[in-house]
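Novice: I have a structure here, written as structure tokens, and I will follow up with some questions on it.
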Amino acid sequence: MSTYTAIKGFKDILPDEAPLWRRLEEAAREVARRYDFQELRPPMAERTEVFARGIGQATDIVEKEMYTFVDKGEERITLRPEATAGLVRAVLEHHLAAGGRVARLFCLGPMFRYERPQKGRLRQFHQLDVEIFGDPGPEVDAELLALLTSFLKEIGLGDLTINLNSLGCPQCRPGYRELLVKFFTARQEDLCPDCRRRLHLNPLRIIDCKSEGCRRAVEGAPKILEHLCADCAGHFETLKGLLDTLGLRYVVNPNLVRGLDYYTRTAFEVISNDLGAQSAVAGGGRYDGLCRELGGEDIPGIGFAAGLERLVMLLREKGAADPPGPDYYLAVLHESARLAAFRLAENLRARGLRVAADWTPGSLKSRLKRADKSGAAKVIMLGEDELARGQATVRDLASHEQSDLDLGPFLR
RNA sequence: GUGGGUGUAGCUCAGUUGGUCAGAGCGCCAGGUUGUGGCCCUGGAGGCCGGGGGUUCGACCCCCCUCACUCACCCCA
């Protein structure tokens, strides 16, 4: 055990995993491009206010999970716990969705939440965040879900399904909320202590509770989908129709609730059974009131976030292919050949070839062994004899065929 | 914040009621065999047994305290 370790909940992405991450990021960018989204890279930190108001004072994230500090200018600053609030701030600040314009944006990067780490949950974690600002219609909802589906398919997780629900709007949700409170008040004894507290704070969350008693109680509870106002119901029906037209796979789950306060109407989630307790891979929804909440115009929005470490976990379970090795493994077999080998390596690299050079002392046997493990296609052996002949020996590790490489052009 | 589990070699892990219990496999290094590497054989290097305190003639083992990792609750991606 070395003296220093990475801090709790912060992890090194090691070289053997990095290629997988790169693949995910490349796939995300490519899919975003196809759907005509542009990258916006907001800063890693914002004024605390932005997240507190955007995400909701009463949420766990804001109450106890934010990395907040006071900087030297006495400013209260928070490391972003999610991307949406910062993107909203940027969209408003730079008028990206002003005057009826539509902004289609994505963002890829680390988020920070002070939580107790466990499987699939870190303090620094990474998300792909995709958002559409300025279009209230169900078409963009469908587009966003299509993008998410394409992304999952692109990275090889096409078997995952999207859970879909509508959470209503300020017109219809209060009425439904009252119905729920009435319903659960009559069944308080069945609820877990947490949910008894939620009863008046945030009754929608009870629907999402996993404890036995609550689940049973929820079964007979009124469904939000049956209490949507005409507009919300119409929006949801149109959306489903569009998804059907596209042939997208989804499941309507009337018990789906989202943890953040700002969601309205469309809400969705992708979960996997292969991740342990932290099963949500991606989640999002519409947030038509968020921009106004942050002091801007009344700009509608919809977006989702996907957790990259969870996607990486799923892909690793499927067994990721080993990345290819270098083109050449350069084995220096004698001290006298060191300088020539050095120039040869640099020369090959200048020609665009990937060359692994091994300067450590060792036998031919060990050099070949290492070359084999490196995954290199060929070994270049350079020792006393080769130097005298002016020709290095090149051995193909797969076919065992050997040939000579004239050193002349490389050493001039 | 609340529970449970685990900390022994670079990695994965054994280790009897406390008395050669400092070990194995893999990896690494050297040698042998082989067609100059993959299989096989021989040898070698590597550990304050997470850290601190206590009990004891004696602690990897028992007790206390700490730290780290991990899983779960909670919440979320």
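Chain identifiers are assigned as A, B, and so on, following the order in which chains appear in the structure tokens; residues are numbered from 1 within each chain, and ligands are numbered from 1 in order of appearance.
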Taking only C-alpha atoms (C1' of nucleotides) into account, which residues of chain A are within 7 Å of chain B, as a PyMOL selection string?
Specialist: chain A and resi 60+118+127+280-283+305-307+365+368-369+372
Novice: Identify, on the basis of only C-alpha atoms (C1' of nucleotides), every residue whose closest approach to A:Val91 does not exceed 9 Å; exclude the query and any residue fewer than 5 positions from it along the same chain; express the result as JSON, numbers by chain.
Specialist: {"A": [86, 96, 97, 98, 103, 133]}
Novice: List every residue of stretch 66-288 of chain A that DSSP, applied to the backbone, labels as strand (DSSP E or B), and write the result as a ChimeraX atom specification.
Specialist: /A:67-70,76-79,103-112,118,121,124-133,162-166,250-252,264-271,280-286
Novice: Per DSSP on the backbone, what are the helix (DSSP H, G or I) residues of stretch 143-385 of chain A, as a PyMOL selection string?
Specialist: chain A and resi 143-154+173-185+188-190+193-201+203-208+212-219+224-226+230-246+290-293+308-317+335-350+364-374+384-385
Novice: Applying 8 Å and only C-alpha atoms (C1' of nucleotides), which residues near A:Asp129 remain after dropping the ones on its own chain fewer than 5 positions away? List them as a list in words.
Specialist: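 My list of contacting residues is Ala83, Thr84, Phe106, Cys107, Leu108, Gly303, Phe304, Ala305 and Ala306 of chain A.
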Novice: May I have the residues within 10 Å of B:G10 as a list in words, using only C-alpha atoms (C1' of nucleotides) and disregarding those fewer than 5 positions away in the same chain?
Specialist: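 Residues near the query, excluding close chain neighbours: G27, C28 and G46 of chain B.
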Novice: Would you list the contacts of A:Gly408 as a CSV table (one decimal) with all heavy atoms, in the first residue's frame, taking every protein, DNA or RNA residue within 12 Å and counting only C-alpha atoms (C1' of nucleotides), but skipping same-chain residues closer than 6 positions in sequence?
Specialist:
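What follows is the written file selection27.csv:
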```
chain,number,residue,atom,x,y,z
A,340,ALA,N,21.8,3.3,-32.3
A,340,ALA,CA,21.1,3.1,-33.5
A,340,ALA,C,19.6,2.8,-33.3
A,340,ALA,O,18.8,3.3,-34.1
A,340,ALA,CB,21.8,1.9,-34.2
A,343,ARG,N,17.7,6.0,-32.7
A,343,ARG,CA,17.4,6.7,-33.9
A,343,ARG,C,16.3,6.0,-34.8
A,343,ARG,O,15.5,6.6,-35.4
A,343,ARG,CB,18.7,7.0,-34.7
A,343,ARG,CG,19.6,7.8,-34.0
A,343,ARG,CD,21.0,7.9,-34.6
A,343,ARG,NE,20.9,8.6,-35.9
A,343,ARG,CZ,22.0,8.7,-36.7
A,343,ARG,NH1,23.1,8.1,-36.4
A,343,ARG,NH2,21.8,9.4,-37.9
A,344,LEU,N,16.4,4.7,-34.8
A,344,LEU,CA,15.5,3.9,-35.6
A,344,LEU,C,14.1,4.1,-35.1
A,344,LEU,O,13.1,4.3,-35.9
A,344,LEU,CB,15.9,2.5,-35.6
A,344,LEU,CG,14.9,1.5,-36.2
A,344,LEU,CD1,14.7,1.8,-37.7
A,344,LEU,CD2,15.4,0.0,-36.1
A,347,ASN,N,12.7,7.5,-36.0
A,347,ASN,CA,12.5,7.5,-37.5
A,347,ASN,C,11.2,6.9,-37.9
A,347,ASN,O,10.4,7.4,-38.7
A,347,ASN,CB,13.6,6.8,-38.2
A,347,ASN,CG,14.3,7.7,-39.2
A,347,ASN,OD1,13.6,8.3,-40.0
A,347,ASN,ND2,15.6,7.9,-39.1
A,386,GLU,N,23.6,-7.5,-36.0
A,386,GLU,CA,22.7,-6.7,-36.9
A,386,GLU,C,23.4,-5.4,-37.2
A,386,GLU,O,23.3,-4.9,-38.4
A,386,GLU,CB,21.3,-6.5,-36.2
A,386,GLU,CG,20.4,-7.7,-36.2
A,386,GLU,CD,20.7,-8.6,-35.1
A,386,GLU,OE1,21.6,-8.4,-34.3
A,386,GLU,OE2,20.0,-9.7,-35.0
A,387,LEU,N,23.9,-4.8,-36.2
A,387,LEU,CA,24.6,-3.5,-36.4
A,387,LEU,C,25.7,-3.6,-37.4
A,387,LEU,O,25.9,-2.8,-38.3
A,387,LEU,CB,25.1,-3.0,-35.1
A,387,LEU,CG,25.4,-1.5,-35.0
A,387,LEU,CD1,24.1,-0.7,-35.3
A,387,LEU,CD2,25.9,-1.1,-33.6
A,388,ALA,N,26.5,-4.7,-37.2
A,388,ALA,CA,27.6,-5.0,-38.1
A,388,ALA,C,27.2,-5.2,-39.6
A,388,ALA,O,27.8,-4.7,-40.5
A,388,ALA,CB,28.4,-6.2,-37.6
A,389,ARG,N,26.0,-5.9,-39.7
A,389,ARG,CA,25.5,-6.2,-41.0
A,389,ARG,C,24.8,-4.9,-41.6
A,389,ARG,O,24.5,-4.9,-42.8
A,389,ARG,CB,24.5,-7.3,-41.0
A,389,ARG,CG,25.1,-8.6,-40.9
A,389,ARG,CD,24.1,-9.8,-41.1
A,389,ARG,NE,22.7,-9.4,-41.2
A,389,ARG,CZ,21.7,-9.8,-40.4
A,389,ARG,NH1,22.0,-10.5,-39.3
A,389,ARG,NH2,20.5,-9.4,-40.6
A,390,GLY,N,24.4,-4.0,-40.8
A,390,GLY,CA,23.6,-2.9,-41.2
A,390,GLY,C,22.2,-3.2,-41.5
A,390,GLY,O,21.5,-2.5,-42.1
A,391,GLN,N,21.8,-4.4,-40.9
A,391,GLN,CA,20.4,-4.8,-41.1
A,391,GLN,C,19.8,-5.3,-39.8
A,391,GLN,O,20.4,-6.2,-39.1
A,391,GLN,CB,20.4,-5.9,-42.1
A,391,GLN,CG,20.9,-5.4,-43.5
A,391,GLN,CD,20.4,-6.3,-44.6
A,391,GLN,OE1,20.4,-7.5,-44.5
A,391,GLN,NE2,19.9,-5.6,-45.6
A,392,ALA,N,18.7,-4.8,-39.4
A,392,ALA,CA,18.0,-5.3,-38.2
A,392,ALA,C,17.1,-6.5,-38.6
A,392,ALA,O,16.7,-6.6,-39.8
A,392,ALA,CB,17.1,-4.2,-37.6
```
Novice: Using only C-alpha atoms (C1' of nucleotides), which residues sit within 10 Å of B:C11 once same-chain residues fewer than 2 positions away are excluded, as a list in words?
Specialist: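 These residues fall inside the cut-off: A9, C13, C26 and G27 of chain B.
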Novice: Give me, as a ChimeraX atom specification, all polymer residues having an atom no more than 9 Å from stretch 20-24 of chain A, counting only C-alpha atoms (C1' of nucleotides) and skipping those fewer than 3 positions away in the same chain.
Specialist: /A:13,16-17,27-29,151,154-155,308-309,311-312,315-316,320
Novice: Restrict the selected residues to N, CA, C and O atoms and save them as a PDB file, in the first residue's frame.
Specialist:
```pdb
ATOM      1  N   ILE A  13      -9.127   6.442 -13.967  1.00  0.00           N
ATOM      2  CA  ILE A  13      -9.538   5.615 -15.096  1.00  0.00           C
ATOM      3  C   ILE A  13      -8.240   5.124 -15.705  1.00  0.00           C
ATOM      4  O   ILE A  13      -7.502   5.882 -16.332  1.00  0.00           O
ATOM      5  N   ASP A  16      -6.183   0.508 -19.107  1.00  0.00           N
ATOM      6  CA  ASP A  16      -6.906  -0.625 -19.683  1.00  0.00           C
ATOM      7  C   ASP A  16      -8.392  -0.329 -19.840  1.00  0.00           C
ATOM      8  O   ASP A  16      -9.089  -1.022 -20.560  1.00  0.00           O
ATOM      9  N   GLU A  17      -8.863   0.711 -19.160  1.00  0.00           N
ATOM     10  CA  GLU A  17     -10.279   1.043 -19.271  1.00  0.00           C
ATOM     11  C   GLU A  17     -10.509   2.262 -20.156  1.00  0.00           C
ATOM     12  O   GLU A  17     -11.598   2.459 -20.688  1.00  0.00           O
ATOM     13  N   ALA A  27     -18.914   7.806 -29.427  1.00  0.00           N
ATOM     14  CA  ALA A  27     -20.272   7.437 -29.846  1.00  0.00           C
ATOM     15  C   ALA A  27     -21.244   8.549 -29.482  1.00  0.00           C
ATOM     16  O   ALA A  27     -22.131   8.905 -30.268  1.00  0.00           O
ATOM     17  N   ALA A  28     -21.090   9.117 -28.301  1.00  0.00           N
ATOM     18  CA  ALA A  28     -21.986  10.187 -27.860  1.00  0.00           C
ATOM     19  C   ALA A  28     -21.885  11.380 -28.808  1.00  0.00           C
ATOM     20  O   ALA A  28     -22.899  11.931 -29.252  1.00  0.00           O
ATOM     21  N   ARG A  29     -20.657  11.752 -29.148  1.00  0.00           N
ATOM     22  CA  ARG A  29     -20.469  12.908 -30.023  1.00  0.00           C
ATOM     23  C   ARG A  29     -21.042  12.638 -31.411  1.00  0.00           C
ATOM     24  O   ARG A  29     -21.654  13.503 -32.024  1.00  0.00           O
ATOM     25  N   PHE A 151     -27.973   6.088 -29.210  1.00  0.00           N
ATOM     26  CA  PHE A 151     -26.720   6.073 -28.456  1.00  0.00           C
ATOM     27  C   PHE A 151     -26.511   4.712 -27.807  1.00  0.00           C
ATOM     28  O   PHE A 151     -25.427   4.112 -27.915  1.00  0.00           O
ATOM     29  N   GLU A 154     -25.716   2.198 -30.420  1.00  0.00           N
ATOM     30  CA  GLU A 154     -24.376   2.459 -30.953  1.00  0.00           C
ATOM     31  C   GLU A 154     -23.274   1.849 -30.080  1.00  0.00           C
ATOM     32  O   GLU A 154     -22.287   1.330 -30.576  1.00  0.00           O
ATOM     33  N   ILE A 155     -23.457   1.912 -28.776  1.00  0.00           N
ATOM     34  CA  ILE A 155     -22.418   1.386 -27.896  1.00  0.00           C
ATOM     35  C   ILE A 155     -22.647  -0.076 -27.551  1.00  0.00           C
ATOM     36  O   ILE A 155     -21.904  -0.648 -26.752  1.00  0.00           O
ATOM     37  N   LEU A 308     -22.000   7.616 -17.247  1.00  0.00           N
ATOM     38  CA  LEU A 308     -20.994   6.900 -18.032  1.00  0.00           C
ATOM     39  C   LEU A 308     -20.345   5.741 -17.287  1.00  0.00           C
ATOM     40  O   LEU A 308     -20.103   4.686 -17.870  1.00  0.00           O
ATOM     41  N   GLU A 309     -20.060   5.891 -15.966  1.00  0.00           N
ATOM     42  CA  GLU A 309     -19.432   4.739 -15.312  1.00  0.00           C
ATOM     43  C   GLU A 309     -20.365   3.522 -15.296  1.00  0.00           C
ATOM     44  O   GLU A 309     -19.925   2.386 -15.376  1.00  0.00           O
ATOM     45  N   LEU A 311     -22.551   2.810 -17.664  1.00  0.00           N
ATOM     46  CA  LEU A 311     -22.490   2.244 -19.009  1.00  0.00           C
ATOM     47  C   LEU A 311     -21.192   1.450 -19.182  1.00  0.00           C
ATOM     48  O   LEU A 311     -21.195   0.360 -19.756  1.00  0.00           O
ATOM     49  N   VAL A 312     -20.106   1.992 -18.663  1.00  0.00           N
ATOM     50  CA  VAL A 312     -18.824   1.290 -18.746  1.00  0.00           C
ATOM     51  C   VAL A 312     -18.925  -0.060 -18.033  1.00  0.00           C
ATOM     52  O   VAL A 312     -18.452  -1.078 -18.522  1.00  0.00           O
ATOM     53  N   LEU A 315     -20.756  -2.485 -20.200  1.00  0.00           N
ATOM     54  CA  LEU A 315     -19.954  -2.910 -21.344  1.00  0.00           C
ATOM     55  C   LEU A 315     -18.846  -3.858 -20.908  1.00  0.00           C
ATOM     56  O   LEU A 315     -18.509  -4.795 -21.620  1.00  0.00           O
ATOM     57  N   ARG A 316     -18.290  -3.616 -19.733  1.00  0.00           N
ATOM     58  CA  ARG A 316     -17.231  -4.498 -19.253  1.00  0.00           C
ATOM     59  C   ARG A 316     -17.762  -5.886 -18.966  1.00  0.00           C
ATOM     60  O   ARG A 316     -17.081  -6.883 -19.198  1.00  0.00           O
ATOM     61  N   ALA A 320     -15.099  -6.443 -23.007  1.00  0.00           N
ATOM     62  CA  ALA A 320     -14.617  -5.518 -24.023  1.00  0.00           C
ATOM     63  C   ALA A 320     -13.388  -6.101 -24.711  1.00  0.00           C
ATOM     64  O   ALA A 320     -12.588  -6.798 -24.101  1.00  0.00           O
TER      65      ALA A 320
END
```
